[in-house]
$ cat coords34.txt   # compact mmCIF, C-alpha atoms
# COMPACT_ATOMS: atom_id res chain seq x y z
CA MET Z 1 -18.86 29.32 -117.23
CA THR Z 2 -16.22 27.15 -115.58
CA SER Z 3 -15.97 23.42 -116.22
CA SER Z 4 -17.09 22.64 -112.65
CA GLN Z 5 -20.19 24.81 -113.07
CA HIS Z 6 -20.92 23.14 -116.41
CA HIS Z 7 -20.55 19.71 -114.78
CA SER Z 8 -22.90 20.63 -111.91
CA ASP Z 9 -25.52 21.96 -114.32
CA GLN Z 10 -25.61 18.67 -116.22
CA GLN Z 11 -25.46 16.42 -113.18
CA PRO Z 12 -28.70 14.37 -112.97
CA ALA Z 13 -30.97 15.05 -110.02
CA GLY Z 14 -30.92 12.32 -107.41
CA LEU Z 15 -33.97 11.00 -105.64
CA PHE Z 16 -33.32 12.92 -102.42
CA SER Z 17 -31.44 15.82 -104.02
CA ARG Z 18 -32.44 19.39 -103.24
CA ALA Z 19 -35.86 20.18 -104.72
CA ASN Z 20 -36.62 23.49 -106.39
CA PHE Z 21 -37.26 26.35 -103.98
CA SER Z 22 -40.92 26.94 -104.84
CA GLU Z 23 -41.72 23.24 -104.31
CA VAL Z 24 -39.85 23.15 -101.00
CA LYS Z 25 -41.71 26.26 -99.83
CA ARG Z 26 -45.11 24.90 -100.90
CA VAL Z 27 -44.62 21.51 -99.20
CA ALA Z 28 -43.31 23.20 -96.04
CA GLU Z 29 -46.39 25.45 -95.88
CA ILE Z 30 -48.72 22.46 -96.26
CA LEU Z 31 -46.93 20.51 -93.52
CA ARG Z 32 -47.01 23.50 -91.17
CA LYS Z 33 -50.76 23.81 -91.61
CA GLU Z 34 -51.27 20.08 -90.96
CA THR Z 35 -48.99 19.85 -87.93
CA VAL Z 36 -51.78 20.59 -85.45
CA GLY Z 37 -54.07 18.07 -87.13
CA GLY Z 38 -51.34 15.42 -87.08
CA ILE Z 39 -50.70 15.95 -83.37
CA LEU Z 40 -54.42 15.75 -82.61
CA LEU Z 41 -54.73 12.52 -84.62
CA VAL Z 42 -51.90 10.84 -82.75
CA ILE Z 43 -53.19 12.01 -79.35
CA THR Z 44 -56.81 10.98 -80.01
CA ALA Z 45 -55.67 7.60 -81.40
CA ALA Z 46 -53.68 6.98 -78.23
CA ILE Z 47 -56.70 7.96 -76.09
CA ALA Z 48 -58.94 5.63 -78.14
CA LEU Z 49 -56.54 2.69 -77.74
CA ILE Z 50 -56.33 3.18 -73.98
CA TRP Z 51 -60.09 3.73 -73.67
CA ALA Z 52 -61.01 0.68 -75.79
CA ASN Z 53 -58.76 -1.56 -73.67
CA SER Z 54 -59.73 -0.14 -70.29
CA PRO Z 55 -62.48 -1.20 -67.87
CA ALA Z 56 -64.59 1.59 -69.44
CA SER Z 57 -64.40 -0.01 -72.89
CA ASP Z 58 -68.18 -0.54 -73.01
CA SER Z 59 -68.73 3.22 -73.21
CA TYR Z 60 -66.20 3.46 -76.05
CA PHE Z 61 -67.95 0.83 -78.15
CA ALA Z 62 -71.35 2.32 -77.31
CA LEU Z 63 -70.15 5.67 -78.67
CA ARG Z 64 -68.64 4.01 -81.75
CA ASP Z 65 -71.90 2.16 -82.49
CA PHE Z 66 -74.18 5.14 -81.82
CA ARG Z 67 -76.28 5.63 -84.97
CA ILE Z 68 -77.07 8.98 -86.50
CA GLY Z 69 -78.25 10.13 -89.92
CA TYR Z 70 -81.25 10.35 -92.25
CA GLU Z 71 -82.86 6.92 -92.50
CA PRO Z 72 -85.00 7.51 -95.68
CA TRP Z 73 -81.72 8.01 -97.59
CA HIS Z 74 -80.19 4.93 -95.91
CA LEU Z 75 -77.72 7.22 -94.16
CA GLU Z 76 -78.50 6.26 -90.58
CA LEU Z 77 -75.05 4.94 -89.81
CA SER Z 78 -72.93 4.42 -86.73
CA LEU Z 79 -70.31 7.01 -85.83
CA GLY Z 80 -67.68 4.40 -86.69
CA ALA Z 81 -69.16 3.97 -90.16
CA TRP Z 82 -69.32 7.74 -90.70
CA ALA Z 83 -65.62 7.96 -89.82
CA ALA Z 84 -64.54 4.93 -91.87
CA ASP Z 85 -66.69 5.44 -94.97
CA GLY Z 86 -67.31 9.19 -94.85
CA LEU Z 87 -64.45 11.18 -93.34
CA LEU Z 88 -61.80 8.75 -94.58
CA ALA Z 89 -63.13 9.05 -98.14
CA ILE Z 90 -62.71 12.84 -97.95
CA PHE Z 91 -59.22 12.34 -96.52
CA PHE Z 92 -58.24 10.03 -99.39
CA PHE Z 93 -59.65 12.50 -101.89
CA LEU Z 94 -57.56 15.37 -100.51
CA VAL Z 95 -54.37 13.30 -100.27
CA GLY Z 96 -54.99 11.97 -103.77
CA LEU Z 97 -55.29 15.52 -105.10
CA GLU Z 98 -52.02 16.43 -103.42
CA LEU Z 99 -50.28 13.39 -104.90
CA LYS Z 100 -51.73 14.13 -108.33
CA ARG Z 101 -50.35 17.64 -108.09
CA GLU Z 102 -46.90 16.22 -107.38
CA PHE Z 103 -47.11 13.95 -110.44
CA VAL Z 104 -48.47 16.67 -112.73
CA ALA Z 105 -46.57 19.80 -111.67
CA GLY Z 106 -44.38 18.88 -108.70
CA ASP Z 107 -41.05 17.12 -108.30
CA LEU Z 108 -42.56 13.72 -109.21
CA ARG Z 109 -43.46 14.82 -112.74
CA GLU Z 110 -40.08 13.42 -113.82
CA PRO Z 111 -40.42 9.62 -114.29
CA ARG Z 112 -36.97 8.99 -112.80
CA ARG Z 113 -38.11 10.62 -109.55
CA ALA Z 114 -41.57 9.03 -109.47
CA VAL Z 115 -40.55 5.46 -110.32
CA VAL Z 116 -38.59 4.90 -107.09
CA PRO Z 117 -41.36 5.63 -104.53
CA VAL Z 118 -43.89 3.80 -106.71
CA ALA Z 119 -41.60 0.77 -106.93
CA ALA Z 120 -41.02 0.96 -103.16
CA ALA Z 121 -44.80 1.00 -102.62
CA VAL Z 122 -45.23 -2.08 -104.84
CA GLY Z 123 -42.52 -3.82 -102.85
CA GLY Z 124 -44.25 -2.76 -99.63
CA VAL Z 125 -47.34 -4.61 -100.84
CA VAL Z 126 -45.78 -7.71 -102.40
CA ILE Z 127 -43.15 -8.59 -99.78
CA PRO Z 128 -45.49 -8.54 -96.70
CA ALA Z 129 -48.07 -10.56 -98.66
CA LEU Z 130 -45.45 -13.18 -99.60
CA ILE Z 131 -44.23 -13.41 -95.99
CA TYR Z 132 -47.83 -13.87 -94.79
CA VAL Z 133 -48.42 -16.60 -97.39
CA ALA Z 134 -45.21 -18.37 -96.39
CA VAL Z 135 -46.19 -18.34 -92.71
CA ASN Z 136 -49.80 -19.48 -93.31
CA LEU Z 137 -49.19 -21.84 -96.22
CA GLY Z 138 -50.36 -24.87 -94.26
CA ASN Z 139 -53.59 -23.26 -93.04
CA PRO Z 140 -56.12 -22.61 -95.85
CA GLU Z 141 -58.46 -20.81 -93.44
CA THR Z 142 -55.99 -18.07 -92.51
CA LEU Z 143 -54.31 -18.02 -95.93
CA THR Z 144 -57.20 -15.96 -97.31
CA GLY Z 145 -56.05 -13.01 -95.21
CA TRP Z 146 -52.90 -12.48 -97.30
CA ALA Z 147 -53.92 -8.89 -98.12
CA ILE Z 148 -54.05 -7.77 -94.47
CA PRO Z 149 -50.36 -6.82 -94.13
CA THR Z 150 -50.20 -5.05 -97.50
CA ALA Z 151 -51.78 -1.75 -96.46
CA THR Z 152 -50.01 1.21 -94.90
CA ASP Z 153 -52.06 3.32 -92.50
CA ILE Z 154 -51.82 6.44 -94.63
CA ALA Z 155 -53.64 8.63 -92.10
CA PHE Z 156 -50.95 8.02 -89.49
CA ALA Z 157 -48.19 8.22 -92.09
CA VAL Z 158 -49.35 11.70 -93.11
CA ALA Z 159 -49.84 12.67 -89.46
CA VAL Z 160 -46.27 11.68 -88.56
CA LEU Z 161 -44.96 13.48 -91.65
CA ALA Z 162 -46.86 16.59 -90.60
CA ILE Z 163 -45.39 16.44 -87.09
CA VAL Z 164 -41.76 15.74 -87.97
CA GLY Z 165 -41.87 17.12 -91.51
CA SER Z 166 -39.93 20.29 -90.73
CA HIS Z 167 -36.93 18.14 -89.73
CA LEU Z 168 -36.84 16.13 -92.96
CA PRO Z 169 -35.61 17.07 -96.45
CA SER Z 170 -38.47 18.09 -98.73
CA ALA Z 171 -37.62 15.38 -101.28
CA LEU Z 172 -37.70 12.71 -98.56
CA ARG Z 173 -41.11 13.91 -97.33
CA ILE Z 174 -42.51 13.73 -100.87
CA PHE Z 175 -40.99 10.25 -101.28
CA LEU Z 176 -42.58 8.96 -98.06
CA LEU Z 177 -45.95 10.55 -98.84
CA THR Z 178 -45.97 9.02 -102.34
CA LEU Z 179 -44.99 5.61 -100.98
CA ALA Z 180 -47.76 5.66 -98.36
CA VAL Z 181 -50.47 6.83 -100.77
CA VAL Z 182 -49.58 4.45 -103.62
CA ASP Z 183 -49.26 1.57 -101.14
CA ASP Z 184 -52.75 2.23 -99.81
CA LEU Z 185 -54.24 2.64 -103.30
CA ILE Z 186 -52.82 -0.75 -104.32
CA ALA Z 187 -54.22 -2.31 -101.13
CA ILE Z 188 -57.66 -0.80 -101.83
CA SER Z 189 -57.54 -2.19 -105.38
CA ILE Z 190 -56.66 -5.64 -103.99
CA ILE Z 191 -59.66 -5.51 -101.65
CA ALA Z 192 -61.97 -4.40 -104.47
CA ILE Z 193 -60.79 -7.09 -106.89
CA PHE Z 194 -59.98 -10.14 -104.74
CA TYR Z 195 -62.36 -9.70 -101.80
CA THR Z 196 -65.64 -8.98 -103.53
CA ASP Z 197 -68.41 -11.52 -104.01
CA ASP Z 198 -69.53 -10.13 -107.36
CA LEU Z 199 -67.06 -8.15 -109.49
CA ALA Z 200 -68.85 -6.33 -112.31
CA VAL Z 201 -66.08 -6.24 -114.93
CA SER Z 202 -68.11 -4.62 -117.70
CA PRO Z 203 -68.91 -1.34 -115.84
CA LEU Z 204 -65.27 -1.12 -114.74
CA LEU Z 205 -64.10 -1.39 -118.35
CA TRP Z 206 -66.67 1.15 -119.54
CA SER Z 207 -65.47 3.57 -116.85
CA VAL Z 208 -62.09 3.68 -118.60
CA LEU Z 209 -63.63 5.54 -121.56
CA PRO Z 210 -64.61 8.76 -119.72
CA LEU Z 211 -61.25 8.65 -117.92
CA LEU Z 212 -59.43 8.49 -121.27
CA LEU Z 213 -61.63 11.28 -122.65
CA TYR Z 214 -60.89 13.45 -119.62
CA THR Z 215 -57.15 12.77 -119.99
CA VAL Z 216 -57.15 13.75 -123.67
CA LEU Z 217 -59.13 16.94 -123.03
CA ALA Z 218 -57.03 17.94 -120.03
CA GLN Z 219 -53.74 17.41 -121.88
CA ARG Z 220 -54.66 18.79 -125.31
CA TYR Z 221 -56.63 21.82 -124.11
CA ARG Z 222 -54.63 22.66 -120.98
CA PRO Z 223 -54.37 26.42 -121.76
CA PHE Z 224 -58.13 26.62 -122.32
CA PHE Z 225 -58.92 25.03 -118.96
CA GLY Z 226 -56.27 27.19 -117.32
CA LEU Z 227 -57.93 30.38 -118.55
CA ASN Z 228 -61.52 29.19 -118.00
CA ALA Z 229 -61.87 27.83 -114.49
CA ALA Z 230 -65.58 27.01 -114.91
CA ALA Z 231 -64.82 24.79 -117.92
CA ALA Z 232 -63.07 22.26 -115.70
CA TRP Z 233 -66.41 21.29 -114.18
$ encode --input "coords34.txt" --output "structure tokens"
Amino acid sequence: MTSSQHHSDQQPAGLFSRANFSEVKRVAEILRKETVGGILLVITAAIALIWANSPASDSYFALRDFRIGYEPWHLELSLGAWAADGLLAIFFFLVGLELKREFVAGDLREPRRAVVPVAAAVGGVVIPALIYVAVNLGNPETLTGWAIPTATDIAFAVAVLAIVGSHLPSALRIFLLTLAVVDDLIAISIIAIFYTDDLAVSPLLWSVLPLLLYTVLAQRYRPFFGLNAAAAW
């Protein structure tokens, strides 16, 4: 082995350096599958914006407020509520699984790779909130909305990544996806903690116990769960 080869083998991986081939291939396949969905999301969002601000806006809001569902289960909700509280929850679940996979087995499993997008997401929450507070410092009524600029619209972030993803380096796509997801998760936590009328601290603390138990089991008995798929349930 030559000295140059030895030097390249020991050179630390940069944040946007070339990812391993299997990871690049996997991310590319995911983005290709989601390209159509991303395009549809952008197109339908544009249609909704134009429709809601047009002379026919009454029909848009009538459709949004149309209620459907099973009332005895308290599930008779408007179409807007089904989209915001139902479909978006599924979306977050799927994106969260994808991000978890990156942290557990993907390129973000190395702390030096993961810390940069996470730190960028924290900065993307803190800096806009501080700017908002500085602008509204003299108005106590509007000051309470400091959390509004902290959130990234992750749905559109993922949609844009899906559309233009084939033209970006794989490491950069993973970085942007991580930043968007972590940013939104922090914003959701802010809403849950600072914008609730009654925060039940005790149940939240008790919920940590099963999470810790799950973590210990998943890490210590990883081969067992790998060989017995039903055991994961």
$ atom_distance --input "coords34.txt" --atom1 "atom CA of Leu213 of chain Z" --atom2 "atom CA of Phe91 of chain Z"
26.3 Å
$ residues_around --input "coords34.txt" --residues "Ala232 of chain Z" --least-positions-apart "4" --cutoff "10 Å" --atoms "only C-alpha atoms" --output "list in words"
Tyr214, Leu217, Ala218, Arg222, Phe224, Phe225, Gly226 and Asn228 of chain Z
$ residues_around --input "coords34.txt" --residues "segment 107-120 of chain Z" --least-positions-apart "3" --cutoff "6 Å" --atoms "all atoms listed in the file" --output "ChimeraX atom specification"
/Z:15,102-104,123,175,179
$ atom_distance --input "coords34.txt" --atom1 "atom CA of Val201 of chain Z" --atom2 "atom CA of His74 of chain Z"
26.2 Å
$ closest_residue --input "coords34.txt" --among "Z:Val42, Z:Gly106, Z:Ala129, Z:Val164" --to "Lys25 of chain Z" --atoms "only C-alpha atoms"
Z:Gly106
$ residues_near_point --input "coords34.txt" --point "(-49.1, 16.4, -102.5)" --cutoff "10 Å" --atoms "all atoms listed in the file" --output "NGL selection string"
:Z and (26-27 or 30 or 94-103 or 106-108 or 173-174 or 177-178 or 181)
$ residues_around --input "coords34.txt" --residues "Ser78 of chain Z" --least-positions-apart "2" --cutoff "12 Å" --atoms "all atoms listed in the file" --output "list in words"
Phe61, Ala62, Leu63, Arg64, Asp65, Phe66, Arg67, Ile68, Gly69, Tyr70, Glu71, His74, Leu75, Glu76, Gly80, Ala81, Trp82, Ala83, Ala84, Asp85 and Gly86 of chain Z
$ residues_around --input "coords34.txt" --residues "Ile190 of chain Z" --least-positions-apart "3" --cutoff "10 Å" --atoms "all atoms listed in the file" --output "list in words"
Val125, Ala147, Thr150, Ala151, Asp184, Leu185, Ile186, Ala187, Ile193, Phe194, Tyr195 and Thr196 of chain Z
$ atom_distance --input "coords34.txt" --atom1 "atom CA of Ala171 of chain Z" --atom2 "atom CA of Ser22 of chain Z"
12.5 Å
$ closest_residue --input "coords34.txt" --among "Z:Gly138, Z:Pro210, Z:Ile163, Z:Asp197" --to "Ile43 of chain Z" --atoms "only C-alpha atoms"
Z:Ile163
$ closest_residue --input "coords34.txt" --among "Z:Thr44, Z:Leu130, Z:Leu168, Z:Asp183" --to "Leu143 of chain Z" --atoms "only C-alpha atoms"
Z:Leu130
